[in-house]
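Okay, data37.cif is below, mmCIF, C-alpha atoms:
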```cif
data_protein
loop_
_atom_site.group_PDB
_atom_site.id
_atom_site.type_symbol
_atom_site.label_atom_id
_atom_site.label_comp_id
_atom_site.auth_asym_id
_atom_site.auth_seq_id
_atom_site.Cartn_x
_atom_site.Cartn_y
_atom_site.Cartn_z
ATOM 1 C CA MET Z 28 -20.334 -8.530 19.545
ATOM 2 C CA GLY Z 29 -23.433 -6.689 20.752
ATOM 3 C CA ALA Z 30 -22.416 -7.095 24.387
ATOM 4 C CA PHE Z 31 -18.915 -5.878 23.529
ATOM 5 C CA LEU Z 32 -20.207 -2.709 21.855
ATOM 6 C CA ALA Z 33 -22.643 -2.110 24.721
ATOM 7 C CA LYS Z 34 -19.750 -2.335 27.174
ATOM 8 C CA ARG Z 35 -17.698 0.098 25.099
ATOM 9 C CA LEU Z 36 -20.623 2.538 24.900
ATOM 10 C CA ALA Z 37 -21.096 2.373 28.673
ATOM 11 C CA GLN Z 38 -17.426 3.178 29.126
ATOM 12 C CA ALA Z 39 -17.780 6.032 26.658
ATOM 13 C CA VAL Z 40 -20.639 7.544 28.685
ATOM 14 C CA VAL Z 41 -18.500 7.433 31.832
ATOM 15 C CA VAL Z 42 -15.563 9.077 30.035
ATOM 16 C CA ALA Z 43 -17.751 11.814 28.550
ATOM 17 C CA PHE Z 44 -19.385 12.473 31.933
ATOM 18 C CA GLY Z 45 -15.985 12.711 33.616
ATOM 19 C CA ALA Z 46 -14.644 15.076 30.947
ATOM 20 C CA LEU Z 47 -17.663 17.372 31.186
ATOM 21 C CA THR Z 48 -17.524 17.436 34.976
ATOM 22 C CA LEU Z 49 -13.819 18.245 34.985
ATOM 23 C CA VAL Z 50 -14.206 21.027 32.414
ATOM 24 C CA PHE Z 51 -17.201 22.457 34.289
ATOM 25 C CA LEU Z 52 -15.141 22.776 37.459
ATOM 26 C CA ILE Z 53 -11.957 24.036 35.797
ATOM 27 C CA VAL Z 54 -13.528 26.874 33.811
ATOM 28 C CA ARG Z 55 -15.334 28.119 36.910
ATOM 29 C CA VAL Z 56 -12.305 28.226 39.191
ATOM 30 C CA VAL Z 57 -10.194 30.153 36.671
ATOM 31 C CA PRO Z 58 -9.897 33.788 37.834
ATOM 32 C CA GLY Z 59 -12.099 36.266 36.007
ATOM 33 C CA ASP Z 60 -15.709 37.395 35.961
ATOM 34 C CA PRO Z 61 -17.632 36.608 32.742
ATOM 35 C CA ALA Z 62 -20.177 39.289 33.626
ATOM 36 C CA LYS Z 63 -17.516 42.016 33.358
ATOM 37 C CA LEU Z 64 -16.483 40.732 29.951
ATOM 38 C CA ILE Z 65 -20.087 40.717 28.771
ATOM 39 C CA VAL Z 66 -21.091 44.239 29.838
ATOM 40 C CA GLY Z 67 -17.640 45.851 29.924
ATOM 41 C CA PRO Z 68 -15.381 47.206 32.672
ATOM 42 C CA ASP Z 69 -17.460 50.381 33.156
ATOM 43 C CA ALA Z 70 -20.684 48.552 34.039
ATOM 44 C CA SER Z 71 -22.477 49.372 37.247
ATOM 45 C CA ALA Z 72 -22.961 46.884 40.064
ATOM 46 C CA GLU Z 73 -26.657 46.569 39.156
ATOM 47 C CA GLN Z 74 -25.814 45.687 35.551
ATOM 48 C CA LEU Z 75 -23.299 43.071 36.687
ATOM 49 C CA GLU Z 76 -25.835 41.499 39.046
ATOM 50 C CA SER Z 77 -28.435 41.443 36.279
ATOM 51 C CA VAL Z 78 -26.075 39.658 33.872
ATOM 52 C CA ARG Z 79 -25.040 37.138 36.534
ATOM 53 C CA ALA Z 80 -28.704 36.388 37.214
ATOM 54 C CA ASP Z 81 -29.489 35.996 33.491
ATOM 55 C CA PHE Z 82 -26.668 33.468 33.008
ATOM 56 C CA GLY Z 83 -27.106 31.734 36.354
ATOM 57 C CA LEU Z 84 -23.658 32.811 37.513
ATOM 58 C CA ASP Z 85 -24.970 33.882 40.925
ATOM 59 C CA ASP Z 86 -26.363 30.416 41.697
ATOM 60 C CA PRO Z 87 -24.454 28.026 43.982
ATOM 61 C CA LEU Z 88 -21.980 25.829 42.138
ATOM 62 C CA TRP Z 89 -23.987 22.666 42.791
ATOM 63 C CA ARG Z 90 -27.109 24.249 41.271
ATOM 64 C CA GLN Z 91 -25.148 25.413 38.219
ATOM 65 C CA TYR Z 92 -23.833 21.860 37.835
ATOM 66 C CA ALA Z 93 -27.307 20.324 38.162
ATOM 67 C CA ASP Z 94 -28.720 22.726 35.569
ATOM 68 C CA HIS Z 95 -25.722 21.995 33.361
ATOM 69 C CA LEU Z 96 -26.330 18.217 33.467
ATOM 70 C CA ALA Z 97 -30.035 18.687 32.836
ATOM 71 C CA GLY Z 98 -29.218 20.768 29.778
ATOM 72 C CA ILE Z 99 -26.823 18.116 28.453
ATOM 73 C CA VAL Z 100 -29.530 15.458 28.761
ATOM 74 C CA ARG Z 101 -31.811 17.699 26.676
ATOM 75 C CA GLY Z 102 -29.003 18.322 24.179
ATOM 76 C CA ASP Z 103 -28.753 21.963 25.268
ATOM 77 C CA LEU Z 104 -25.313 23.197 26.327
ATOM 78 C CA GLY Z 105 -26.476 26.782 26.595
ATOM 79 C CA ASP Z 106 -25.944 29.849 24.444
ATOM 80 C CA SER Z 107 -22.746 31.689 23.661
ATOM 81 C CA TRP Z 108 -22.850 35.222 25.048
ATOM 82 C CA ARG Z 109 -20.042 36.259 22.699
ATOM 83 C CA LEU Z 110 -21.124 34.658 19.411
ATOM 84 C CA GLY Z 111 -24.856 34.441 20.002
ATOM 85 C CA GLY Z 112 -26.951 31.360 19.387
ATOM 86 C CA SER Z 113 -26.416 27.813 20.581
ATOM 87 C CA ALA Z 114 -22.911 27.024 21.829
ATOM 88 C CA LEU Z 115 -23.127 23.517 20.359
ATOM 89 C CA SER Z 116 -24.207 24.833 16.955
ATOM 90 C CA ASN Z 117 -21.333 27.311 16.899
ATOM 91 C CA THR Z 118 -18.934 24.507 17.768
ATOM 92 C CA LEU Z 119 -20.277 22.049 15.203
ATOM 93 C CA ASP Z 120 -20.018 24.748 12.525
ATOM 94 C CA ARG Z 121 -16.251 24.808 13.155
ATOM 95 C CA PHE Z 122 -15.808 21.020 13.391
ATOM 96 C CA PRO Z 123 -15.480 20.344 9.604
ATOM 97 C CA ALA Z 124 -12.425 22.647 9.460
ATOM 98 C CA THR Z 125 -10.735 20.785 12.319
ATOM 99 C CA LEU Z 126 -11.686 17.432 10.799
ATOM 100 C CA SER Z 127 -10.263 18.350 7.382
ATOM 101 C CA LEU Z 128 -6.984 19.488 8.973
ATOM 102 C CA SER Z 129 -6.750 16.286 11.029
ATOM 103 C CA LEU Z 130 -7.477 14.086 8.010
ATOM 104 C CA ALA Z 131 -4.810 15.886 5.983
ATOM 105 C CA ALA Z 132 -2.300 15.373 8.801
ATOM 106 C CA LEU Z 133 -3.266 11.692 9.091
ATOM 107 C CA LEU Z 134 -2.925 11.168 5.329
ATOM 108 C CA LEU Z 135 0.508 12.788 5.358
ATOM 109 C CA THR Z 136 1.571 10.640 8.317
ATOM 110 C CA VAL Z 137 0.425 7.421 6.627
ATOM 111 C CA VAL Z 138 1.834 8.229 3.183
ATOM 112 C CA VAL Z 139 5.266 9.068 4.596
ATOM 113 C CA GLY Z 140 5.492 7.039 7.821
ATOM 114 C CA ILE Z 141 4.453 3.563 6.698
ATOM 115 C CA PRO Z 142 6.726 3.333 3.598
ATOM 116 C CA LEU Z 143 9.634 4.726 5.643
ATOM 117 C CA GLY Z 144 9.069 2.111 8.319
ATOM 118 C CA MET Z 145 8.972 -0.744 5.792
ATOM 119 C CA LEU Z 146 12.153 0.497 4.086
ATOM 120 C CA CYS Z 147 13.934 0.724 7.446
ATOM 121 C CA ALA Z 148 12.809 -2.824 8.288
ATOM 122 C CA ARG Z 149 14.344 -4.103 5.044
ATOM 123 C CA ARG Z 150 17.659 -2.383 5.809
ATOM 124 C CA PRO Z 151 18.022 -2.224 9.601
ATOM 125 C CA GLY Z 152 21.067 -0.384 10.850
ATOM 126 C CA LYS Z 153 21.727 1.297 7.501
ATOM 127 C CA LEU Z 154 21.884 5.033 6.835
ATOM 128 C CA LEU Z 155 18.149 5.470 6.227
ATOM 129 C CA ASP Z 156 17.313 3.641 9.450
ATOM 130 C CA LEU Z 157 19.649 5.885 11.444
ATOM 131 C CA VAL Z 158 18.308 9.047 9.797
ATOM 132 C CA VAL Z 159 14.687 8.081 10.474
ATOM 133 C CA SER Z 160 15.478 7.131 14.071
ATOM 134 C CA THR Z 161 17.247 10.445 14.723
ATOM 135 C CA GLY Z 162 14.603 12.420 12.861
ATOM 136 C CA SER Z 163 11.867 10.732 14.889
ATOM 137 C CA LEU Z 164 13.396 11.924 18.153
ATOM 138 C CA ALA Z 165 13.976 15.420 16.774
ATOM 139 C CA GLY Z 166 10.423 15.673 15.436
ATOM 140 C CA GLN Z 167 8.918 14.750 18.796
ATOM 141 C CA ALA Z 168 11.200 17.174 20.645
ATOM 142 C CA ILE Z 169 10.415 20.265 18.551
ATOM 143 C CA PRO Z 170 7.478 22.309 19.955
ATOM 144 C CA SER Z 171 4.709 22.376 17.363
ATOM 145 C CA PHE Z 172 3.904 26.057 17.843
ATOM 146 C CA TRP Z 173 7.563 26.988 17.262
ATOM 147 C CA LEU Z 174 7.775 24.749 14.198
ATOM 148 C CA GLY Z 175 4.629 26.339 12.773
ATOM 149 C CA ILE Z 176 6.035 29.845 13.169
ATOM 150 C CA VAL Z 177 9.331 28.831 11.549
ATOM 151 C CA LEU Z 178 7.522 27.225 8.590
ATOM 152 C CA ILE Z 179 5.441 30.374 8.111
ATOM 153 C CA LEU Z 180 8.555 32.558 8.121
ATOM 154 C CA ILE Z 181 10.362 30.333 5.605
ATOM 155 C CA PHE Z 182 7.699 29.102 3.179
ATOM 156 C CA ALA Z 183 5.098 31.873 3.428
ATOM 157 C CA ARG Z 184 7.103 35.016 4.133
ATOM 158 C CA ARG Z 185 10.571 34.512 2.698
ATOM 159 C CA LEU Z 186 9.937 32.081 -0.189
ATOM 160 C CA ASP Z 187 6.253 32.927 -0.733
ATOM 161 C CA TRP Z 188 5.498 29.356 -1.803
ATOM 162 C CA LEU Z 189 2.553 28.621 0.474
ATOM 163 C CA PRO Z 190 -0.132 30.710 2.214
ATOM 164 C CA ALA Z 191 0.377 31.383 5.910
ATOM 165 C CA THR Z 192 -3.346 31.343 6.713
ATOM 166 C CA VAL Z 193 -6.584 30.132 5.177
ATOM 167 C CA ASP Z 194 -7.086 31.729 1.761
ATOM 168 C CA GLY Z 195 -9.544 29.289 0.202
ATOM 169 C CA SER Z 196 -6.921 27.322 -1.747
ATOM 170 C CA PRO Z 197 -6.089 23.635 -1.136
ATOM 171 C CA ALA Z 198 -2.455 24.623 -0.512
ATOM 172 C CA ALA Z 199 -3.504 26.408 2.700
ATOM 173 C CA VAL Z 200 -3.735 23.081 4.518
ATOM 174 C CA LEU Z 201 -0.166 21.986 3.746
ATOM 175 C CA LEU Z 202 1.766 23.959 6.367
ATOM 176 C CA PRO Z 203 -0.596 23.292 9.310
ATOM 177 C CA ALA Z 204 -0.990 19.623 8.325
ATOM 178 C CA PHE Z 205 2.778 19.126 8.131
ATOM 179 C CA THR Z 206 3.272 20.915 11.452
ATOM 180 C CA LEU Z 207 0.624 18.706 13.076
ATOM 181 C CA SER Z 208 1.917 15.443 11.600
ATOM 182 C CA LEU Z 209 5.699 15.870 11.868
ATOM 183 C CA PRO Z 210 6.075 14.554 15.461
ATOM 184 C CA PHE Z 211 4.153 11.406 14.521
ATOM 185 C CA ILE Z 212 5.646 10.537 11.116
ATOM 186 C CA GLY Z 213 8.862 9.203 12.631
ATOM 187 C CA TRP Z 214 6.945 7.611 15.495
ATOM 188 C CA LEU Z 215 4.745 5.662 13.073
ATOM 189 C CA ALA Z 216 7.796 4.716 10.982
ATOM 190 C CA ARG Z 217 9.539 3.304 14.081
ATOM 191 C CA LEU Z 218 6.430 1.332 15.026
ATOM 192 C CA VAL Z 219 6.098 -0.140 11.526
ATOM 193 C CA ARG Z 220 9.825 -0.941 11.467
ATOM 194 C CA SER Z 221 9.836 -2.788 14.800
ATOM 195 C CA SER Z 222 6.623 -4.680 13.990
ATOM 196 C CA ALA Z 223 7.883 -5.656 10.525
ATOM 197 C CA LEU Z 224 11.211 -6.862 11.901
ATOM 198 C CA GLU Z 225 9.447 -8.968 14.512
ATOM 199 C CA GLU Z 226 7.047 -10.498 11.995
ATOM 200 C CA GLY Z 227 9.806 -10.963 9.419
ATOM 201 C CA GLY Z 228 11.621 -13.341 11.767
ATOM 202 C CA LYS Z 229 8.663 -15.655 12.323
ATOM 203 C CA ASP Z 230 8.230 -19.120 10.823
ATOM 204 C CA TYR Z 231 5.802 -18.148 8.057
ATOM 205 C CA ALA Z 232 8.234 -15.521 6.731
ATOM 206 C CA ARG Z 233 11.196 -17.912 6.856
ATOM 207 C CA THR Z 234 9.119 -20.575 5.069
ATOM 208 C CA ALA Z 235 8.179 -18.088 2.342
ATOM 209 C CA ARG Z 236 11.857 -17.226 1.855
ATOM 210 C CA ALA Z 237 12.748 -20.922 1.652
ATOM 211 C CA LYS Z 238 10.172 -21.330 -1.119
ATOM 212 C CA GLY Z 239 11.804 -18.545 -3.097
ATOM 213 C CA VAL Z 240 9.233 -15.825 -2.487
ATOM 214 C CA GLY Z 241 10.711 -12.382 -3.072
ATOM 215 C CA GLU Z 242 11.617 -10.235 -0.080
ATOM 216 C CA GLY Z 243 9.361 -7.445 -1.308
ATOM 217 C CA THR Z 244 6.352 -9.779 -1.466
ATOM 218 C CA ILE Z 245 7.093 -11.112 2.008
ATOM 219 C CA GLN Z 246 7.515 -7.643 3.454
ATOM 220 C CA TYR Z 247 4.627 -5.817 1.840
ATOM 221 C CA VAL Z 248 2.084 -8.651 1.564
ATOM 222 C CA HIS Z 249 2.588 -11.282 4.254
ATOM 223 C CA VAL Z 250 4.238 -9.149 6.934
ATOM 224 C CA GLY Z 251 2.161 -6.087 6.062
ATOM 225 C CA ARG Z 252 -1.063 -8.016 6.618
ATOM 226 C CA ASN Z 253 0.058 -9.181 10.053
ATOM 227 C CA ILE Z 254 1.158 -5.769 11.308
ATOM 228 C CA ALA Z 255 -2.132 -4.184 10.246
ATOM 229 C CA ILE Z 256 -3.791 -4.441 13.687
ATOM 230 C CA PRO Z 257 -1.168 -2.497 15.680
ATOM 231 C CA VAL Z 258 -0.913 0.050 12.861
ATOM 232 C CA VAL Z 259 -4.706 0.534 12.774
ATOM 233 C CA THR Z 260 -4.677 0.973 16.545
ATOM 234 C CA VAL Z 261 -2.074 3.709 16.273
ATOM 235 C CA LEU Z 262 -3.868 5.423 13.381
ATOM 236 C CA GLY Z 263 -7.082 5.598 15.392
ATOM 237 C CA LEU Z 264 -5.213 7.132 18.324
ATOM 238 C CA LEU Z 265 -3.378 9.503 15.999
ATOM 239 C CA MET Z 266 -6.602 10.808 14.495
ATOM 240 C CA GLY Z 267 -7.918 11.521 17.970
ATOM 241 C CA ASN Z 268 -4.639 13.206 18.883
ATOM 242 C CA PHE Z 269 -4.726 15.330 15.740
ATOM 243 C CA ILE Z 270 -8.233 16.579 16.556
ATOM 244 C CA ALA Z 271 -7.187 17.414 20.127
ATOM 245 C CA ASN Z 272 -3.711 18.753 19.299
ATOM 246 C CA ALA Z 273 -5.036 21.000 16.543
ATOM 247 C CA VAL Z 274 -5.838 23.616 19.198
ATOM 248 C CA ILE Z 275 -2.392 25.244 19.122
ATOM 249 C CA ILE Z 276 -1.848 24.697 15.382
ATOM 250 C CA GLU Z 277 -5.144 26.386 14.548
ATOM 251 C CA VAL Z 278 -4.165 29.430 16.584
ATOM 252 C CA VAL Z 279 -0.742 29.670 14.911
ATOM 253 C CA PHE Z 280 -2.177 29.400 11.382
ATOM 254 C CA SER Z 281 -5.499 31.197 12.079
ATOM 255 C CA TRP Z 282 -7.304 28.022 11.066
ATOM 256 C CA PRO Z 283 -11.093 28.407 11.628
ATOM 257 C CA GLY Z 284 -11.617 25.187 13.599
ATOM 258 C CA ILE Z 285 -12.693 24.102 17.051
ATOM 259 C CA GLY Z 286 -9.254 24.725 18.528
ATOM 260 C CA SER Z 287 -9.108 28.437 17.759
ATOM 261 C CA LEU Z 288 -12.759 28.748 18.792
ATOM 262 C CA MET Z 289 -12.001 27.133 22.152
ATOM 263 C CA VAL Z 290 -8.989 29.374 22.826
ATOM 264 C CA ASP Z 291 -11.098 32.466 22.137
ATOM 265 C CA ALA Z 292 -13.861 31.100 24.371
ATOM 266 C CA ILE Z 293 -11.438 30.439 27.227
ATOM 267 C CA THR Z 294 -9.993 33.944 26.908
ATOM 268 C CA ASN Z 295 -13.473 35.467 27.036
ATOM 269 C CA ARG Z 296 -14.869 33.093 29.708
ATOM 270 C CA ASP Z 297 -17.530 31.818 27.309
ATOM 271 C CA TYR Z 298 -18.252 28.740 29.429
ATOM 272 C CA ALA Z 299 -20.874 27.201 27.142
ATOM 273 C CA VAL Z 300 -18.596 27.215 24.082
ATOM 274 C CA VAL Z 301 -15.644 25.789 26.036
ATOM 275 C CA GLU Z 302 -17.782 22.907 27.293
ATOM 276 C CA ALA Z 303 -19.302 22.307 23.850
ATOM 277 C CA ALA Z 304 -15.843 22.200 22.252
ATOM 278 C CA ILE Z 305 -14.475 19.784 24.869
ATOM 279 C CA LEU Z 306 -17.554 17.579 24.515
ATOM 280 C CA THR Z 307 -17.162 17.491 20.722
ATOM 281 C CA ILE Z 308 -13.480 16.549 20.931
ATOM 282 C CA THR Z 309 -14.198 13.891 23.585
ATOM 283 C CA LEU Z 310 -17.007 12.330 21.555
ATOM 284 C CA ALA Z 311 -14.835 12.344 18.419
ATOM 285 C CA TYR Z 312 -12.106 10.493 20.327
ATOM 286 C CA ILE Z 313 -14.643 7.962 21.658
ATOM 287 C CA VAL Z 314 -16.177 7.337 18.224
ATOM 288 C CA LEU Z 315 -12.731 6.820 16.696
ATOM 289 C CA ASN Z 316 -11.856 4.227 19.339
ATOM 290 C CA LEU Z 317 -15.132 2.406 18.700
ATOM 291 C CA LEU Z 318 -14.422 2.384 14.958
ATOM 292 C CA VAL Z 319 -10.938 0.962 15.607
ATOM 293 C CA ASP Z 320 -12.479 -1.826 17.707
ATOM 294 C CA VAL Z 321 -14.867 -2.704 14.872
ATOM 295 C CA VAL Z 322 -12.092 -2.606 12.249
ATOM 296 C CA TYR Z 323 -10.175 -5.198 14.312
ATOM 297 C CA PHE Z 324 -12.804 -7.813 13.521
ATOM 298 C CA VAL Z 325 -12.855 -6.844 9.839
ATOM 299 C CA ILE Z 326 -9.082 -7.236 9.523
ATOM 300 C CA ASP Z 327 -8.937 -10.513 11.457
ATOM 301 C CA PRO Z 328 -12.266 -12.382 11.846
ATOM 302 C CA ARG Z 329 -10.536 -14.846 14.201
ATOM 303 C CA LEU Z 330 -10.456 -12.217 16.928
ATOM 304 C CA THR Z 331 -12.974 -12.355 19.755
ATOM 305 C CA PRO Z 332 -14.268 -9.362 21.749
ATOM 306 C CA GLU Z 333 -11.891 -10.348 24.548
ATOM 307 C CA ASP Z 334 -8.924 -9.834 22.190
ATOM 308 C CA ALA Z 335 -9.889 -6.285 21.200
#
```
Taking this structure as input, can you express it in the form of structure tokens?
Amino acid sequence: MGAFLAKRLAQAVVVAFGALTLVFLIVRVVPGDPAKLIVGPDASAEQLESVRADFGLDDPLWRQYADHLAGIVRGDLGDSWRLGGSALSNTLDRFPATLSLSLAALLLTVVVGIPLGMLCARRPGKLLDLVVSTGSLAGQAIPSFWLGIVLILIFARRLDWLPATVDGSPAAVLLPAFTLSLPFIGWLARLVRSSALEEGGKDYARTARAKGVGEGTIQYVHVGRNIAIPVVTVLGLLMGNFIANAVIIEVVFSWPGIGSLMVDAITNRDYAVVEAAILTITLAYIVLNLLVDVVYFVIDPRLTPEDA
């Protein structure tokens, strides 16, 4: 188990290094001069040169990269010229908002998706199964930013049932969480349905039926236990996707999370904040995958590290 986790951590380091390197290169080849944004369009050439020197923007790219890696090793991603203070601190201050939105979306996906999938597995080919299948395709095809705008117009503007942006009430999370989770509710339901149908045709399920065990007990106890591993795998991936995909949703709903912070940082060429936000999202994704690997062994102690 220790060797398995060490291997996973080594892979995580490689992934994080690759992500940081890619982001470092991308943000620096995007057109635009951060120095002009810092001092304004009317700044003199001397002022621009001074700002570039202060932020190391006039150094060769390889030197900027070397200094960047050295800072990461020290836990210093630099300061935000726009917000002031440490870029990492500014990013971590926004992370709880993104995490709460992602957890709400995950809870909504689980509460709706898993029961729908089990019901469809009990009645394959019936009306509910067809509706869920069609709705799953439609949900994945609808652009999330468009869906968010439509929900705001209907439920916040026309009906005035829910707030359109953060207002301090628990109801403020409902619209962005639903917008974030909708494409994945039907997807999870289809996964649960196919897994339950496959498990329901195996020998242990047929034996339970022959002994007179109720179909509900077979479906929700015996079959449910055996489809737990693929479902847990998907839930771990979904949580990572929600954290990453929240970027657009946070902008639409003015949600004060990492996503909206990163969009503002990209617009203003605040390199340090962009890199800190990407690093935070990458590490969150890595930690979630490690937790999923550990949960495997809790669910089924018969598994070996090679099976995970």
Quiz item: How would you write, as a PyMOL selection string, the residues chosen by the PyMOL selection byres ((chain Z and resi 186-197) around 10) on this structure?
Solution: chain Z and resi 175-176+178-185+198-203+277+279-283
Self-check item: Best match for closeness to Z:Asp291 among Z:Ile245, Z:Leu110, Z:Ala97, Z:Leu264, counting only C-alpha atoms
Solution: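 Nearest candidate to Z:Asp291 out of Z:Ile245, Z:Leu110, Z:Ala97, Z:Leu264: Z:Leu110.
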Exercise. Identify all residues satisfying the PyMOL selection byres ((chain Z and resi 317) around 12) in the given file; provide them as number ranges by chain.
Key: Z: 31-39, 260, 263-264, 267, 310-316, 318-324, 335
Exercise. Choose the residue, out of Z:Gly213, Z:Ser127, Z:Leu134, Z:Thr48, that has the smallest atom-to-atom separation from Z:Ala168; count all atoms listed in the file.
Key: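 Using all atoms listed in the file, the shortest distance to Z:Ala168 belongs to Z:Gly213.
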Practice problem: Could you tell me which residues the PyMOL selection byres ((chain Z and resi 98-107) around 12) returns for this structure, as an NGL selection string? | Solution: :Z and (40 or 43-44 or 47-48 or 51 or 61 or 65 or 81-83 or 91-97 or 108-118 or 288-289 or 291-293 or 295-307)
Could those residues be written to a file, using C-alpha atoms, as a tab-separated table (two decimals), keeping the file's coordinate frame?
```
chain	number	residue	atom	x	y	z
Z	40	VAL	CA	-20.64	7.54	28.68
Z	43	ALA	CA	-17.75	11.81	28.55
Z	44	PHE	CA	-19.39	12.47	31.93
Z	47	LEU	CA	-17.66	17.37	31.19
Z	48	THR	CA	-17.52	17.44	34.98
Z	51	PHE	CA	-17.20	22.46	34.29
Z	61	PRO	CA	-17.63	36.61	32.74
Z	65	ILE	CA	-20.09	40.72	28.77
Z	81	ASP	CA	-29.49	36.00	33.49
Z	82	PHE	CA	-26.67	33.47	33.01
Z	83	GLY	CA	-27.11	31.73	36.35
Z	91	GLN	CA	-25.15	25.41	38.22
Z	92	TYR	CA	-23.83	21.86	37.84
Z	93	ALA	CA	-27.31	20.32	38.16
Z	94	ASP	CA	-28.72	22.73	35.57
Z	95	HIS	CA	-25.72	22.00	33.36
Z	96	LEU	CA	-26.33	18.22	33.47
Z	97	ALA	CA	-30.04	18.69	32.84
Z	108	TRP	CA	-22.85	35.22	25.05
Z	109	ARG	CA	-20.04	36.26	22.70
Z	110	LEU	CA	-21.12	34.66	19.41
Z	111	GLY	CA	-24.86	34.44	20.00
Z	112	GLY	CA	-26.95	31.36	19.39
Z	113	SER	CA	-26.42	27.81	20.58
Z	114	ALA	CA	-22.91	27.02	21.83
Z	115	LEU	CA	-23.13	23.52	20.36
Z	116	SER	CA	-24.21	24.83	16.95
Z	117	ASN	CA	-21.33	27.31	16.90
Z	118	THR	CA	-18.93	24.51	17.77
Z	288	LEU	CA	-12.76	28.75	18.79
Z	289	MET	CA	-12.00	27.13	22.15
Z	291	ASP	CA	-11.10	32.47	22.14
Z	292	ALA	CA	-13.86	31.10	24.37
Z	293	ILE	CA	-11.44	30.44	27.23
Z	295	ASN	CA	-13.47	35.47	27.04
Z	296	ARG	CA	-14.87	33.09	29.71
Z	297	ASP	CA	-17.53	31.82	27.31
Z	298	TYR	CA	-18.25	28.74	29.43
Z	299	ALA	CA	-20.87	27.20	27.14
Z	300	VAL	CA	-18.60	27.22	24.08
Z	301	VAL	CA	-15.64	25.79	26.04
Z	302	GLU	CA	-17.78	22.91	27.29
Z	303	ALA	CA	-19.30	22.31	23.85
Z	304	ALA	CA	-15.84	22.20	22.25
Z	305	ILE	CA	-14.48	19.78	24.87
Z	306	LEU	CA	-17.55	17.58	24.52
Z	307	THR	CA	-17.16	17.49	20.72
```
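The coordinates place atom CA of Z:Arg220 at 6.0 Å from atom CA of Z:Cys147.
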Quiz prompt | Separation of atom CA of Z:Ile270 from atom CA of Z:Leu146 in Å | solution =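 Distance reported for this atom pair: 28.8 Å.
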Quiz item: What lies within 12 Å of Z:Val248 using all atoms listed in the file, ignoring chain neighbours under 4 positions off, as a list in words?
Solution: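 Those residues are Met145, Ala223, Glu226, Gly227, Ala232, Ala235, Val240, Gly241, Glu242, Gly243, Thr244, Arg252, Asn253, Ile254 and Ala255 of chain Z.
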Quiz prompt | Close residues, Z:Leu215 itself excluded, 9 Å, only C-alpha atoms, min 5 positions apart in chain, as a ChimeraX atom specification | solution = /Z:136-137,140-141,143-144,163,220,258,261-262
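Taking atom CA of Z:Thr294 and atom CA of Z:Leu207 as endpoints, the distance between them is 23.2 Å.
Closest approach to Z:Pro87 from the set Z:Val274, Z:Gln167, Z:Val42, Z:Arg55 is made by Z:Arg55, with distances taken over all atoms listed in the file.
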Exercise. Go through Z:Ala216, Z:Ala273, Z:Leu265, Z:Ala30 and flag the residue nearest Z:Val158, using only C-alpha atoms for the distances.
Key: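 The closest residue to Z:Val158 is Z:Ala216.
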